[in-house]
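Chemist: The structure is given below, and queries will be raised subsequently.
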Amino acid sequence: MTISRSKRNLLFGRPANQQPLRPPWAVEEARFVRLCDRCGDCVRECPQGIIRIGDGGYPEIDFQSSGCDYCEACVAVCTPEALKMGGRAPWQQVAQIDDRCFSERGVICRSCGEVCETEAIRFTQVVGGITHVHMATAACTGCGECVSICPAGAITINRQHPE
């Protein structure tokens with residue numbers, strides 16, 4: 001049975017073409033759905049607890065409690081090879097900060113910048129004492145550590161589209 005992603009997204013109030021974020025090193029989406037046997041081993045092995053069972057029983061990433069430290073435990077237990085390193089980056093996604101960001105509203109908050117190991121999130125002082133947040137997408141690994149720490153819920157992790 002084929003799952004209609006656009007219909008399913010409509011029912012859940014998501015954009016029609018939105019695909020879920022898969023665990024690190026997931027193969028291309030169509031191939032992932034073919035290979036993944038929905039065993040849940042990656043969910044059980046994830047020490048951070050960010051892999052959960054999503055739509056159709058397939059694993060998805062949920063950054064609401066933590067981020068990914070790329071420990072490779074999920075890849076190690078994936079016998080159908082739906083998660084396969086093969087010299088590739090773990091994924092092509094980056095953090096995006098929207099206008100709910102407290103710093104952009106004049107409230108002092110640098111929580112996301114403090115947890116960003118790659119220093120992809122930086123703050124600059126502007127006239128009037130307000131800091132402006134800058135996202136260096138080239139430095140962002142998409143680990144998601146900044147998502148759960150943001151008190152404004154202003155950060156999401158999205159696929160990076162080639163320019």
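Order determines the names: the first chain of the structure tokens is A, the second B, and so forth; residues in each chain are numbered 1 upward, and ligands are numbered 1 upward as they are shown.
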Counting only C-alpha atoms, what is within 6 Å of segment 38-45 of chain A, bar same-chain residues fewer than 2 positions away, as JSON, numbers by chain?
Modeler: {"A": [36, 51, 52, 57, 58, 74]}
Chemist: If you count only C-alpha atoms, which residues fall within 10 Å of Ile61 of chain A, apart from same-chain ones fewer than 4 positions away, as a VMD selection string?
Modeler: chain A and resid 20 to 24 43 49 to 54 67 to 68 144 157
Chemist: Store the residues picked out above, limited to C-alpha atoms, as a tab-separated table (two decimals), in the first residue's frame.
Modeler:
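result38.tsv, written as the output of this step:
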chain	number	residue	atom	x	y	z
A	20	PRO	CA	9.53	14.14	7.69
A	21	LEU	CA	13.08	14.49	8.96
A	22	ARG	CA	14.57	11.02	8.92
A	23	PRO	CA	17.37	9.75	11.18
A	24	PRO	CA	20.94	10.71	10.24
A	43	VAL	CA	14.31	4.22	17.99
A	49	GLY	CA	15.76	9.71	22.39
A	50	ILE	CA	15.16	11.91	19.34
A	51	ILE	CA	14.13	9.15	16.94
A	52	ARG	CA	10.46	8.29	17.23
A	53	ILE	CA	7.94	6.29	15.26
A	54	GLY	CA	6.16	8.63	12.88
A	67	GLY	CA	19.67	17.18	19.59
A	68	CYS	CA	21.66	14.59	17.68
A	144	GLY	CA	18.93	20.32	16.55
A	157	ILE	CA	15.31	22.30	11.47
Chemist: Nearest to Gln48 of chain A among A:Arg100, A:Val77, A:Cys143, A:Ala95, with distances taken over only C-alpha atoms: which residue is it?
Modeler: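 For Gln48 of chain A, the nearest of the given residues is A:Cys143.
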Chemist: Could you give me, as a list in words, each residue of segment 93-131 of chain A that DSSP assigns to strand (DSSP E or B) when run on this structure's backbone?
Modeler: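 In segment 93-131 of chain A, DSSP puts these residues in strand (DSSP E or B): Gln93, Val94, Ala95, Gln96, Ile97, Ile121, Arg122, Phe123, Thr124, Gln125 and Thr131 of chain A.
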Chemist: Using only C-alpha atoms, which residue out of A:Ala26, A:Cys116, A:Ala73, A:Cys101 lies closest to Pro59 of chain A?
Modeler: A:Ala26
Chemist: Pick from A:Thr118, A:Ser148, A:Gln19, A:Thr137: nearest to Val94 of chain A, with only C-alpha atoms counted?
Modeler: A:Thr137
Chemist: Going by DSSP on the backbone, which residues of chain A come out as helix (DSSP H, G or I)? List them as an NGL selection string.
Modeler: :A and (5-11 or 29-35 or 41-45 or 55-57 or 73-77 or 103-105 or 111-115 or 145-149)
Chemist: From the options A:Ile108, A:Leu83, A:Val126, A:Ala139, which residue's atoms come nearest to Arg34 of chain A, counting only C-alpha atoms?
Modeler: A:Leu83
Chemist: When you count only C-alpha atoms, which of these residues is closest to Tyr70 of chain A: A:Pro90, A:Gly153, A:Gly128, A:Gly142?
Modeler: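 Nearest candidate to Tyr70 of chain A out of A:Pro90, A:Gly153, A:Gly128, A:Gly142: A:Pro90.
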Chemist: Could you check the closest approach to Asp62 of chain A for each of A:Cys46, A:Val133, A:Ala76, A:Asp37 and tell me which residue wins, using only C-alpha atoms?
Modeler: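 Nearest candidate to Asp62 of chain A out of A:Cys46, A:Val133, A:Ala76, A:Asp37: A:Cys46.
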Chemist: If you measure from atom CA of Val75 of chain A to atom CA of Val147 of chain A, what distance in Å do you get, rounded to one decimal?
Modeler: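 Computed distance, atom CA of Val75 of chain A to atom CA of Val147 of chain A, equals 23.0 Å.
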Chemist: If you count only C-alpha atoms, which residues fall within 7 Å of Ile97 of chain A, apart from same-chain ones fewer than 5 positions away, as a PyMOL selection string?
Modeler: chain A and resi 154-156
Chemist: Using only C-alpha atoms, determine which residues lie at most 7 Å from Ser103 of chain A, disregarding the query and same-chain residues fewer than 6 positions distant; provide the list as a list in words.
Modeler: Cys109, Thr131, His132 and Val133 of chain A
Chemist: Put those residues in a file: C-alpha atoms, as a PDB file, in the first residue's frame.
Modeler:
ATOM      1  CA  CYS A 109      18.327  35.617  25.144  1.00  0.00           C
ATOM      2  CA  THR A 131      21.207  42.047  19.662  1.00  0.00           C
ATOM      3  CA  HIS A 132      20.519  40.603  16.244  1.00  0.00           C
ATOM      4  CA  VAL A 133      20.791  36.856  15.677  1.00  0.00           C
TER       5      VAL A 133
END
Chemist: What is the distance between atom CA of Phe32 of chain A and atom CA of Cys71 of chain A, in Å to one decimal?
Modeler: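 Spanning atom CA of Phe32 of chain A to atom CA of Cys71 of chain A is a straight-line distance of 20.0 Å.
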